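Working notes, structure below.
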Protein chains: 2
Amino acid sequence: MAVSRPTNGPLSGLAITDLRVHSIAIADPPLRSSYGLHAPYALRTVLELVGDSGHVGLSETHGGDTIAGQFAALRERLIGQDAFTLMASLLPLIDPTAAPTGDRSQTYSVPGENPLDVGNRLFSAVEIACMDLIGRALGRPVCDLLGGRARSAVPFSAYLFYKHAGGGGEGADAREDEYGEGLTPEAMVRQAQQMCAAYGFSEIKLKAGVLDPPDEIATLRALHAAFGDGVPLRIDPNCAWSVETSIGVGRALVRELGRGGYLEDPCAGMDGMAAVRRALLEAGEDTPLASNVAVTSFADLPASVSADAVQIVLCDPHYWGGVRQIQHLARLCQTFGIGLSMHSNSHLGVSLMAMAHCAAAAPHLTYACDTHYPWQHAGDEIVEGGRIRFQHGAVEIPDRPGLGITLDQDAVARGRERYRTCAYRKRDDQAEMRKHVDPGWTRRLPRW
Amino acid sequence: MAVSRPTNGPLSGLAITDLRVHSIAIADPPLRSSYGLHAPYALRTVLELVGDSGHVGLSETHGGDTIAGQFAALRERLIGQDAFTLMASLLPLIDPTAAPTGDRSQTYSVPGENPLDVGNRLFSAVEIACMDLIGRALGRPVCDLLGGRARSAVPFSAYLFYKHAGGGGEGADAREDEYGEGLTPEAMVRQAQQMCAAYGFSEIKLKAGVLDPPDEIATLRALHAAFGDGVPLRIDPNCAWSVETSIGVGRALVRELGRGGYLEDPCAGMDGMAAVRRALLEAGEDTPLASNVAVTSFADLPASVSADAVQIVLCDPHYWGGVRQIQHLARLCQTFGIGLSMHSNSHLGVSLMAMAHCAAAAPHLTYACDTHYPWQHAGDEIVEGGRIRFQHGAVEIPDRPGLGITLDQDAVARGRERYRTCAYRKRDDQAEMRKHVDPGWTRRLPRW
């Protein structure tokens, strides 16, 4: 055993003996956004960080060959290291003073793939696996290693997407279409009702930037009519709108976005967001602007605070530097009166539990978190025991060590096989759009 | 034993079974500041947080009957709690949204005794004891529980004080005067040389606000002449100067404060600090302003950032909410381009090691920390094995569990006896000044 309990004697370590990197593919329905169309498979990377105690720490992050290669290159720096001090030795990966400079907006990057944040992403995945490993070795949940539960269950919102018919996967692996086509206000209300019934969500976000703004406004109005004032609504067009359109939609939806709602990344860039904010305030409307595009790292915060560009940061432990950095961010946001919620990409249960532990430990979490989890299929889950359960729209933090989950190795093997046999190695929503919907489609920003 | 290592089984706790609170007094030399004169004894409170594993977590904070009573009142909320989740249950103590409002400047409070920060101070002391307890039970240093060592040794600076003759203590307990009287530039150079020789410090701070500004300028010039450009100098008059005097001294000492130096709390209030900063910048001089008066909590940071009032935060784990909150603060300061160093009060080895672990874990620590440690006497140290050693002006983080120290219970008993028999129950530097130096003395700000 690696961890002993001397009163004041020599220390015992928890040495890393192996890093296993699994590139997997999971079925993903034809969801739309301003980026284009989700491919039939989403790619994820799963890490197993093995300690000499025999425990294994888990983590999940975005997928594809590039990041898998980056983890492989990092392996040498991990093996033999002490899990308790490993992250300090990797601090150069997230050192902002050594970070590459450049246009930080990830308007044109695939979500969570800002090239300036490569170091943060690698650090994040290793840190989460490391926290899980330590938690398992000590018999403590990850959130307890961060200071304990500020809340015992983490609320998530129903994340609606305009979508074509189809459930994801290809050929013999094509999946049942649980939610059906969703391209009209009526269909989106049905999608919301179905998702809220299944998961108990009581807050709703619409991924927009897909239809003409009047149609998306109509969707929000239909959702508001169906769910009432008690269910906060959000709309996220992923920068598809001009400043002028953003202001117009913001003003049209004051009542629908109401209390607890927000307008997310309506337009591109810090200046655009600040201009929308100013115009809404001048019109007497204080609908807050949320972002996971204008603000994606600590480096973006001073300009955002100074210009009041973003009132809610949608953080993501996968690319902000891991679960400890999110605790720092939460305190920073609380200090500056900025709201905090959590961004999501397509993901499985390992990511979900890392997000949940991270959010559970942050005293300052002001909105239900995002999750794509309802869009993934039970058959693709890699967590032993199957899909994580939601109660009343929330994920309970279990009284189990680490993240509280273990890997179903057969399911991981199936995910690897899906990865090996599918045609996708990098997310490209524009290519999918051209292939399946419109050969001439290009992501134009602003489109409206 | 409380901590076991299940693979995925039920958790085992580390339950708090006792809290022991020791009010102690330690000899303190007749040091001067704008507050007045240090009493012959400084008061400290030492906590022992006992776990059901048999381990004991330590912490030290400021002293006197008031805070001892506050810890006694907190006892019920600690006993029976799990050390890993205890701090989450105490979060209301540091909840800024529930904090009392009012003038946050601690210009007129005894350092570290801002009445608005009572909750932060109690939380801090319990958190540090809790982290020490957990570290001991796990066999890991406290800094490893915070993410690991960003540095393995923490640099401190020589903290010079104008002083009268005398070594502190009273009557039969009067102590040898190690440093002698220090009220002239020549004596202060000798004090600095003696302290740097004994501890290896290579950065120097002068507590000022005691003599007329020209005499204090002369002290800085003499120090600069004696130590050269390679030894950064700082001056801290504790708000004794007007904005105009602050600007004048700042401009007179541009060369002496030089690279790595700073001007600390020259005048009172956020507006005053901002005005000094503006005037110095307008004169082409970017000597940074440090503060542990205008900025003493997270709540002070937005105004300071907005006005560029403080360029270096002198944090203190004793009143910012403990060692985790300092990690949050460090990331916030790094994000906003604010320097970070650490404030000190008169203290013993338990506080010193808490400060060292806390600073060791923070990647962003831009200046050597403050410590009053050289002013305390070896005979008063309560840490087993005696005084903590400095090497090259730094405290090394030992490879021992927790804070790496244990209590010498005989020394604690002597400290309690000193507390019982001395006449002091609350720090009052003005009363001491009237008693020993000038019966009509009043703290006036600005004095110059």
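By convention in this document, the chains of the structure tokens carry letters A, B, ... by their order, each chain's residues are numbered from 1, and ligands are numbered from 1 in the order they are shown.
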Close residues, range 234-247 of chain B itself excluded, 9 Å, only C-alpha atoms, min 2 positions apart in chain, as a PyMOL selection string = chain B and resi 33-35+107+203-210+213+216+220+232+249-252+256-257+260-269+272-273+275-277+279-280+290-291+293+443-448
DSSP-assigned strand (DSSP E or B) among range 13-191 of chain A, expressed as a tab-separated table (two decimals) with N, CA and C atoms, in the first residue's frame:
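That gives us states_11.tsv:
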```tsv
chain	number	residue	atom	x	y	z
A	15	ALA	N	2.65	6.48	-5.92
A	15	ALA	CA	3.40	6.66	-7.16
A	15	ALA	C	2.58	6.25	-8.38
A	16	ILE	N	2.71	7.03	-9.44
A	16	ILE	CA	2.05	6.71	-10.71
A	16	ILE	C	2.86	5.61	-11.40
A	17	THR	N	2.19	4.52	-11.71
A	17	THR	CA	2.91	3.42	-12.38
A	17	THR	C	2.52	3.27	-13.85
A	18	ASP	N	1.37	3.84	-14.23
A	18	ASP	CA	0.97	3.67	-15.63
A	18	ASP	C	-0.05	4.74	-16.02
A	19	LEU	N	-0.05	5.07	-17.28
A	19	LEU	CA	-1.11	5.92	-17.85
A	19	LEU	C	-1.67	5.18	-19.05
A	20	ARG	N	-2.95	4.88	-19.01
A	20	ARG	CA	-3.59	4.24	-20.17
A	20	ARG	C	-4.51	5.26	-20.83
A	21	VAL	N	-4.36	5.38	-22.15
A	21	VAL	CA	-5.12	6.37	-22.92
A	21	VAL	C	-6.05	5.64	-23.88
A	22	HIS	N	-7.35	5.87	-23.74
A	22	HIS	CA	-8.32	5.21	-24.61
A	22	HIS	C	-9.01	6.24	-25.50
A	23	SER	N	-8.82	6.13	-26.81
A	23	SER	CA	-9.59	6.95	-27.74
A	23	SER	C	-10.85	6.18	-28.08
A	24	ILE	N	-12.00	6.80	-27.76
A	24	ILE	CA	-13.26	6.10	-28.02
A	24	ILE	C	-14.18	6.99	-28.86
A	25	ALA	N	-15.15	6.34	-29.48
A	25	ALA	CA	-16.20	7.05	-30.21
A	25	ALA	C	-17.54	6.65	-29.61
A	26	ILE	N	-18.44	7.62	-29.55
A	26	ILE	CA	-19.79	7.35	-29.02
A	26	ILE	C	-20.80	7.94	-30.00
A	27	ALA	N	-21.92	7.25	-30.11
A	27	ALA	CA	-22.96	7.73	-31.04
A	27	ALA	C	-23.45	9.11	-30.61
A	31	LEU	N	-27.30	16.80	-34.12
A	31	LEU	CA	-27.63	18.06	-33.46
A	31	LEU	C	-27.07	19.22	-34.26
A	32	ARG	N	-27.79	20.33	-34.27
A	32	ARG	CA	-27.36	21.50	-35.03
A	32	ARG	C	-26.91	22.62	-34.10
A	33	SER	N	-25.97	23.41	-34.62
A	33	SER	CA	-25.60	24.66	-33.95
A	33	SER	C	-25.04	25.58	-35.02
A	36	GLY	N	-22.53	24.04	-37.28
A	36	GLY	CA	-22.95	23.11	-38.32
A	36	GLY	C	-23.73	21.97	-37.72
A	37	LEU	N	-23.26	20.74	-37.97
A	37	LEU	CA	-24.01	19.53	-37.61
A	37	LEU	C	-23.08	18.56	-36.88
A	41	TYR	N	-20.74	10.28	-34.79
A	41	TYR	CA	-19.99	9.88	-33.60
A	41	TYR	C	-19.27	11.08	-33.00
A	42	ALA	N	-19.33	11.16	-31.69
A	42	ALA	CA	-18.50	12.13	-30.98
A	42	ALA	C	-17.28	11.37	-30.45
A	43	LEU	N	-16.15	12.06	-30.39
A	43	LEU	CA	-14.90	11.41	-29.97
A	43	LEU	C	-14.55	11.85	-28.55
A	44	ARG	N	-14.14	10.92	-27.74
A	44	ARG	CA	-13.71	11.22	-26.38
A	44	ARG	C	-12.41	10.50	-26.08
A	45	THR	N	-11.66	11.02	-25.14
A	45	THR	CA	-10.47	10.34	-24.66
A	45	THR	C	-10.67	10.03	-23.19
A	46	VAL	N	-10.36	8.79	-22.83
A	46	VAL	CA	-10.50	8.37	-21.43
A	46	VAL	C	-9.11	8.02	-20.90
A	47	LEU	N	-8.78	8.58	-19.75
A	47	LEU	CA	-7.48	8.31	-19.13
A	47	LEU	C	-7.66	7.40	-17.91
A	48	GLU	N	-6.75	6.46	-17.78
A	48	GLU	CA	-6.62	5.68	-16.54
A	48	GLU	C	-5.22	5.94	-15.99
A	49	LEU	N	-5.16	6.54	-14.84
A	49	LEU	CA	-3.89	6.84	-14.18
A	49	LEU	C	-3.75	5.84	-13.04
A	50	VAL	N	-2.75	4.98	-13.17
A	50	VAL	CA	-2.64	3.86	-12.23
A	50	VAL	C	-1.64	4.20	-11.13
A	51	GLY	N	-2.02	3.96	-9.89
A	51	GLY	CA	-1.13	4.20	-8.76
A	51	GLY	C	-0.53	2.89	-8.25
A	56	VAL	N	-6.91	3.12	-9.50
A	56	VAL	CA	-6.87	3.71	-10.83
A	56	VAL	C	-7.70	4.99	-10.82
A	57	GLY	N	-7.10	6.09	-11.24
A	57	GLY	CA	-7.80	7.36	-11.36
A	57	GLY	C	-8.30	7.56	-12.77
A	58	LEU	N	-9.52	8.07	-12.91
A	58	LEU	CA	-10.15	8.20	-14.23
A	58	LEU	C	-10.34	9.66	-14.62
A	59	SER	N	-10.36	9.86	-15.91
A	59	SER	CA	-10.71	11.16	-16.44
A	59	SER	C	-11.11	11.02	-17.89
A	60	GLU	N	-11.92	11.96	-18.36
A	60	GLU	CA	-12.45	11.91	-19.73
A	60	GLU	C	-12.33	13.31	-20.30
A	61	THR	N	-11.91	13.41	-21.54
A	61	THR	CA	-11.83	14.73	-22.17
A	61	THR	C	-12.14	14.59	-23.65
A	62	HIS	N	-11.95	15.66	-24.41
A	62	HIS	CA	-12.36	15.59	-25.81
A	62	HIS	C	-11.45	14.61	-26.56
A	82	ASP	N	4.87	11.13	-7.83
A	82	ASP	CA	3.95	11.02	-6.69
A	82	ASP	C	2.64	11.74	-7.05
A	141	PRO	N	-14.35	11.12	-1.38
A	141	PRO	CA	-14.82	11.70	-2.64
A	141	PRO	C	-13.94	12.87	-3.07
A	153	ALA	N	-25.99	17.92	-4.19
A	153	ALA	CA	-26.46	17.53	-5.52
A	153	ALA	C	-26.27	18.73	-6.44
A	154	VAL	N	-25.85	18.47	-7.66
A	154	VAL	CA	-25.53	19.54	-8.60
A	154	VAL	C	-26.62	19.63	-9.67
A	155	PRO	N	-27.29	20.77	-9.76
A	155	PRO	CA	-28.38	20.91	-10.74
A	155	PRO	C	-27.85	21.12	-12.17
A	156	PHE	N	-28.49	20.45	-13.11
A	156	PHE	CA	-28.18	20.64	-14.53
A	156	PHE	C	-29.45	21.13	-15.23
A	158	ALA	N	-31.90	21.29	-18.88
A	158	ALA	CA	-32.25	20.59	-20.13
A	158	ALA	C	-31.60	21.35	-21.27
A	159	TYR	N	-30.78	20.67	-22.04
A	159	TYR	CA	-30.02	21.33	-23.11
A	159	TYR	C	-30.66	20.95	-24.44
A	160	LEU	N	-31.54	21.82	-24.93
A	160	LEU	CA	-32.27	21.52	-26.17
A	160	LEU	C	-31.43	21.85	-27.39
A	161	PHE	N	-31.55	21.01	-28.41
A	161	PHE	CA	-30.89	21.26	-29.70
A	161	PHE	C	-31.90	21.13	-30.83
A	163	LYS	N	-32.56	19.66	-34.17
A	163	LYS	CA	-31.92	18.45	-34.70
A	163	LYS	C	-32.72	17.88	-35.86
A	182	GLY	N	-36.33	17.89	-34.47
A	182	GLY	CA	-36.70	19.09	-33.70
A	182	GLY	C	-36.30	20.32	-34.46
```
query = Arg259 in chain B: which residues within 10 Å, counting only C-alpha atoms, same-chain residues fewer than 3 positions away excluded, as a ChimeraX atom specification?
reply = /B:229-233,254-256,262,287-288
ask   = Hey, what's within 10 Å of Gly386 in chain A if we count only C-alpha atoms and toss same-chain stuff fewer than 3 positions away? As a PyMOL selection string, please?
value = chain A and resi 349+378-383+389+407-408+411
Preceding selection exported with all heavy atoms as a PDB file, in the first residue's frame:
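Dumped to out-v2.pdb:
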```pdb
ATOM      1  N   GLY A 349     -20.196   9.434 -18.592  1.00  0.00           N
ATOM      2  CA  GLY A 349     -20.347   9.545 -17.145  1.00  0.00           C
ATOM      3  C   GLY A 349     -19.110   9.964 -16.377  1.00  0.00           C
ATOM      4  O   GLY A 349     -19.221  10.514 -15.276  1.00  0.00           O
ATOM      5  N   ALA A 378     -27.313   4.910 -23.691  1.00  0.00           N
ATOM      6  CA  ALA A 378     -26.967   4.033 -22.567  1.00  0.00           C
ATOM      7  C   ALA A 378     -25.936   2.996 -22.990  1.00  0.00           C
ATOM      8  O   ALA A 378     -25.025   2.662 -22.234  1.00  0.00           O
ATOM      9  CB  ALA A 378     -28.228   3.349 -22.033  1.00  0.00           C
ATOM     10  N   GLY A 379     -26.052   2.518 -24.222  1.00  0.00           N
ATOM     11  CA  GLY A 379     -25.148   1.471 -24.681  1.00  0.00           C
ATOM     12  C   GLY A 379     -23.712   1.928 -24.831  1.00  0.00           C
ATOM     13  O   GLY A 379     -22.802   1.099 -24.930  1.00  0.00           O
ATOM     14  N   ASP A 380     -23.485   3.247 -24.859  1.00  0.00           N
ATOM     15  CA  ASP A 380     -22.124   3.762 -25.020  1.00  0.00           C
ATOM     16  C   ASP A 380     -21.465   4.116 -23.693  1.00  0.00           C
ATOM     17  O   ASP A 380     -20.271   4.415 -23.647  1.00  0.00           O
ATOM     18  CB  ASP A 380     -22.142   5.017 -25.912  1.00  0.00           C
ATOM     19  CG  ASP A 380     -22.545   4.695 -27.347  1.00  0.00           C
ATOM     20  OD1 ASP A 380     -22.550   3.500 -27.710  1.00  0.00           O
ATOM     21  OD2 ASP A 380     -22.847   5.637 -28.099  1.00  0.00           O
ATOM     22  N   GLU A 381     -22.258   4.105 -22.620  1.00  0.00           N
ATOM     23  CA  GLU A 381     -21.704   4.503 -21.312  1.00  0.00           C
ATOM     24  C   GLU A 381     -20.577   3.562 -20.922  1.00  0.00           C
ATOM     25  O   GLU A 381     -20.678   2.343 -21.107  1.00  0.00           O
ATOM     26  CB  GLU A 381     -22.818   4.509 -20.247  1.00  0.00           C
ATOM     27  CG  GLU A 381     -22.364   4.985 -18.873  1.00  0.00           C
ATOM     28  CD  GLU A 381     -21.654   6.338 -18.908  1.00  0.00           C
ATOM     29  OE1 GLU A 381     -22.345   7.376 -18.806  1.00  0.00           O
ATOM     30  OE2 GLU A 381     -20.401   6.343 -19.045  1.00  0.00           O
ATOM     31  N   ILE A 382     -19.499   4.116 -20.400  1.00  0.00           N
ATOM     32  CA  ILE A 382     -18.325   3.314 -20.033  1.00  0.00           C
ATOM     33  C   ILE A 382     -18.221   3.128 -18.524  1.00  0.00           C
ATOM     34  O   ILE A 382     -17.277   2.521 -18.029  1.00  0.00           O
ATOM     35  CB  ILE A 382     -17.030   3.973 -20.563  1.00  0.00           C
ATOM     36  CG1 ILE A 382     -16.926   5.415 -20.066  1.00  0.00           C
ATOM     37  CG2 ILE A 382     -16.995   3.909 -22.091  1.00  0.00           C
ATOM     38  CD1 ILE A 382     -15.609   6.089 -20.445  1.00  0.00           C
ATOM     39  N   VAL A 383     -19.187   3.677 -17.790  1.00  0.00           N
ATOM     40  CA  VAL A 383     -19.166   3.596 -16.336  1.00  0.00           C
ATOM     41  C   VAL A 383     -19.876   2.325 -15.887  1.00  0.00           C
ATOM     42  O   VAL A 383     -20.966   2.017 -16.367  1.00  0.00           O
ATOM     43  CB  VAL A 383     -19.850   4.856 -15.740  1.00  0.00           C
ATOM     44  CG1 VAL A 383     -20.221   4.641 -14.284  1.00  0.00           C
ATOM     45  CG2 VAL A 383     -18.962   6.071 -15.919  1.00  0.00           C
ATOM     46  N   ARG A 389     -27.536   8.436 -12.801  1.00  0.00           N
ATOM     47  CA  ARG A 389     -28.927   8.839 -12.611  1.00  0.00           C
ATOM     48  C   ARG A 389     -29.034  10.303 -12.201  1.00  0.00           C
ATOM     49  O   ARG A 389     -28.227  10.809 -11.431  1.00  0.00           O
ATOM     50  CB  ARG A 389     -29.588   7.964 -11.543  1.00  0.00           C
ATOM     51  CG  ARG A 389     -30.275   6.730 -12.116  1.00  0.00           C
ATOM     52  CD  ARG A 389     -30.826   5.857 -11.018  1.00  0.00           C
ATOM     53  NE  ARG A 389     -29.761   5.266 -10.209  1.00  0.00           N
ATOM     54  CZ  ARG A 389     -29.046   4.195 -10.594  1.00  0.00           C
ATOM     55  NH1 ARG A 389     -29.285   3.611 -11.752  1.00  0.00           N
ATOM     56  NH2 ARG A 389     -28.093   3.721  -9.816  1.00  0.00           N
ATOM     57  N   LEU A 407     -14.606   1.979 -14.266  1.00  0.00           N
ATOM     58  CA  LEU A 407     -14.798   1.741 -15.700  1.00  0.00           C
ATOM     59  C   LEU A 407     -15.327   0.345 -15.964  1.00  0.00           C
ATOM     60  O   LEU A 407     -14.881  -0.632 -15.351  1.00  0.00           O
ATOM     61  CB  LEU A 407     -13.473   1.897 -16.451  1.00  0.00           C
ATOM     62  CG  LEU A 407     -12.998   3.309 -16.792  1.00  0.00           C
ATOM     63  CD1 LEU A 407     -11.814   3.220 -17.759  1.00  0.00           C
ATOM     64  CD2 LEU A 407     -14.124   4.135 -17.393  1.00  0.00           C
ATOM     65  N   ASP A 408     -16.251   0.262 -16.892  1.00  0.00           N
ATOM     66  CA  ASP A 408     -16.684  -1.014 -17.453  1.00  0.00           C
ATOM     67  C   ASP A 408     -15.765  -1.280 -18.642  1.00  0.00           C
ATOM     68  O   ASP A 408     -15.916  -0.675 -19.715  1.00  0.00           O
ATOM     69  CB  ASP A 408     -18.145  -0.883 -17.876  1.00  0.00           C
ATOM     70  CG  ASP A 408     -18.664  -2.116 -18.600  1.00  0.00           C
ATOM     71  OD1 ASP A 408     -17.838  -2.912 -19.110  1.00  0.00           O
ATOM     72  OD2 ASP A 408     -19.890  -2.266 -18.677  1.00  0.00           O
ATOM     73  N   ALA A 411     -17.171  -2.074 -22.004  1.00  0.00           N
ATOM     74  CA  ALA A 411     -17.758  -0.914 -22.677  1.00  0.00           C
ATOM     75  C   ALA A 411     -16.662  -0.023 -23.268  1.00  0.00           C
ATOM     76  O   ALA A 411     -16.823   0.529 -24.362  1.00  0.00           O
ATOM     77  CB  ALA A 411     -18.620  -0.127 -21.696  1.00  0.00           C
TER      78      ALA A 411
END
```
Atomic separation - CA of His343 in chain A relative to CA of Met355 in chain A, Å =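 Calculated distance between CA of Met355 in chain A and CA of His343 in chain A is 9.4 Å.
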Tyr319 in chain A environment, 7 Å, only C-alpha atoms, sequence neighbours closer than 3 positions dropped, as an NGL selection string = :A and (112 or 117 or 120-121 or 124 or 316 or 322)
Generate the output file for the selected residues, C-alpha atoms, as a PDB file, in the first residue's frame.
```pdb
ATOM      1  CA  GLY A 112     -13.209  23.596 -26.007  1.00  0.00           C
ATOM      2  CA  ASP A 117      -5.472  26.238 -24.233  1.00  0.00           C
ATOM      3  CA  ASN A 120      -4.757  23.744 -19.863  1.00  0.00           C
ATOM      4  CA  ARG A 121      -6.615  20.844 -21.464  1.00  0.00           C
ATOM      5  CA  SER A 124      -7.042  19.370 -16.666  1.00  0.00           C
ATOM      6  CA  ASP A 316     -15.419  23.984 -17.934  1.00  0.00           C
ATOM      7  CA  GLY A 322      -9.040  21.148 -13.825  1.00  0.00           C
TER       8      GLY A 322
END
```
Residues flagged helix (DSSP H, G or I) by DSSP in range 52-150 of chain B, as a ChimeraX atom specification = /B:65-78,86-89,91-94,96-98,115-138,142-145
remark   = CA of Thr442 in chain A sits from CA of Gly166 in chain A at a separation of 22.4 Å
message = Let me make sure I understand: among A:Ala68, A:Leu211, A:Val118, A:Leu133, which one has the smallest atom-to-atom distance to Ala83 in chain A if we use only C-alpha atoms?
response =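 Under the stated criterion, the closest residue is A:Leu133.
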Exercise: Asn292 in chain B partners within 7 Å, only C-alpha atoms, chain neighbours under 6 positions left out, as a PDB file with all heavy atoms, in the first residue's frame:
```pdb
ATOM      1  N   VAL B 313      -0.915  42.769  -3.216  1.00  0.00           N
ATOM      2  CA  VAL B 313      -1.730  42.414  -2.044  1.00  0.00           C
ATOM      3  C   VAL B 313      -0.846  41.658  -1.054  1.00  0.00           C
ATOM      4  O   VAL B 313      -0.166  40.693  -1.418  1.00  0.00           O
ATOM      5  CB  VAL B 313      -2.936  41.546  -2.458  1.00  0.00           C
ATOM      6  CG1 VAL B 313      -3.650  40.991  -1.221  1.00  0.00           C
ATOM      7  CG2 VAL B 313      -3.902  42.359  -3.310  1.00  0.00           C
ATOM      8  N   LEU B 314      -0.836  42.148   0.182  1.00  0.00           N
ATOM      9  CA  LEU B 314      -0.130  41.439   1.248  1.00  0.00           C
ATOM     10  C   LEU B 314      -1.162  40.583   1.968  1.00  0.00           C
ATOM     11  O   LEU B 314      -1.853  41.030   2.878  1.00  0.00           O
ATOM     12  CB  LEU B 314       0.523  42.444   2.193  1.00  0.00           C
ATOM     13  CG  LEU B 314       1.529  43.372   1.492  1.00  0.00           C
ATOM     14  CD1 LEU B 314       2.000  44.469   2.422  1.00  0.00           C
ATOM     15  CD2 LEU B 314       2.715  42.572   0.971  1.00  0.00           C
ATOM     16  N   CYS B 315      -1.283  39.352   1.495  1.00  0.00           N
ATOM     17  CA  CYS B 315      -2.327  38.485   2.018  1.00  0.00           C
ATOM     18  C   CYS B 315      -1.920  37.938   3.380  1.00  0.00           C
ATOM     19  O   CYS B 315      -0.774  38.084   3.806  1.00  0.00           O
ATOM     20  CB  CYS B 315      -2.574  37.334   1.050  1.00  0.00           C
ATOM     21  SG  CYS B 315      -1.237  36.122   1.008  1.00  0.00           S
ATOM     22  N   HIS B 343       1.485  39.201   4.605  1.00  0.00           N
ATOM     23  CA  HIS B 343       1.540  40.027   5.808  1.00  0.00           C
ATOM     24  C   HIS B 343       1.833  39.151   7.028  1.00  0.00           C
ATOM     25  O   HIS B 343       1.594  37.955   7.005  1.00  0.00           O
ATOM     26  CB  HIS B 343       0.181  40.723   5.954  1.00  0.00           C
ATOM     27  CG  HIS B 343      -0.076  41.314   7.285  1.00  0.00           C
ATOM     28  ND1 HIS B 343      -0.822  40.677   8.258  1.00  0.00           N
ATOM     29  CD2 HIS B 343       0.310  42.501   7.804  1.00  0.00           C
ATOM     30  CE1 HIS B 343      -0.893  41.460   9.324  1.00  0.00           C
ATOM     31  NE2 HIS B 343      -0.220  42.571   9.080  1.00  0.00           N
TER      32      HIS B 343
END
```
Pick out the residues sitting within 6 Å of range 88-103 of chain B, and hand them over as a short mmCIF file (atom, residue, chain, number, x, y, z; two decimals) with N, CA, C and O atoms, in the first residue's frame; count only C-alpha atoms, and ignore anything fewer than 4 positions along from it in its own chain.
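What landed in around35.cif:
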```
data_model
loop_
_atom_site.label_atom_id
_atom_site.label_comp_id
_atom_site.auth_asym_id
_atom_site.auth_seq_id
_atom_site.Cartn_x
_atom_site.Cartn_y
_atom_site.Cartn_z
N GLY A 148 -14.84 20.08 0.45
CA GLY A 148 -16.13 19.55 0.89
C GLY A 148 -17.27 20.05 0.03
O GLY A 148 -17.10 20.93 -0.81
N ARG A 149 -18.44 19.47 0.26
CA ARG A 149 -19.62 19.79 -0.54
C ARG A 149 -20.22 21.13 -0.10
O ARG A 149 -20.76 21.23 0.99
N ALA A 150 -20.20 22.10 -1.01
CA ALA A 150 -21.01 23.30 -0.78
C ALA A 150 -22.47 22.97 -1.08
O ALA A 150 -23.37 23.67 -0.64
N GLY B 119 -15.49 36.39 11.09
CA GLY B 119 -15.81 35.07 10.53
C GLY B 119 -14.64 34.49 9.76
O GLY B 119 -14.30 33.31 9.90
N ASN B 120 -13.99 35.32 8.95
CA ASN B 120 -12.83 34.86 8.20
C ASN B 120 -11.71 34.39 9.13
O ASN B 120 -11.02 33.41 8.85
#
```
query = Between B:Met87, B:Val189, B:Leu14, B:Met131, which has the minimum distance to Cys143 in chain A (counting only C-alpha atoms)?
reply = B:Met87
request  = Measure the distance from CA of Ala274 in chain B to CA of Asp300 in chain B in Å and round it to one decimal.
outcome  =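 So the answer is 13.2 Å.
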request  = Give the answer as one residue: which of A:Phe84, A:Leu348, A:Leu122, A:Gly200 has the shortest atom-to-atom distance to Gln70 in chain A, using only C-alpha atoms?
outcome  =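 The answer is A:Leu122, which sits nearest to Gln70 in chain A.
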key: Distance criterion (only C-alpha atoms): nearest to Glu170 in chain A out of A:Pro401, A:Gly13, A:Pro30, A:Pro317   = A:Pro30
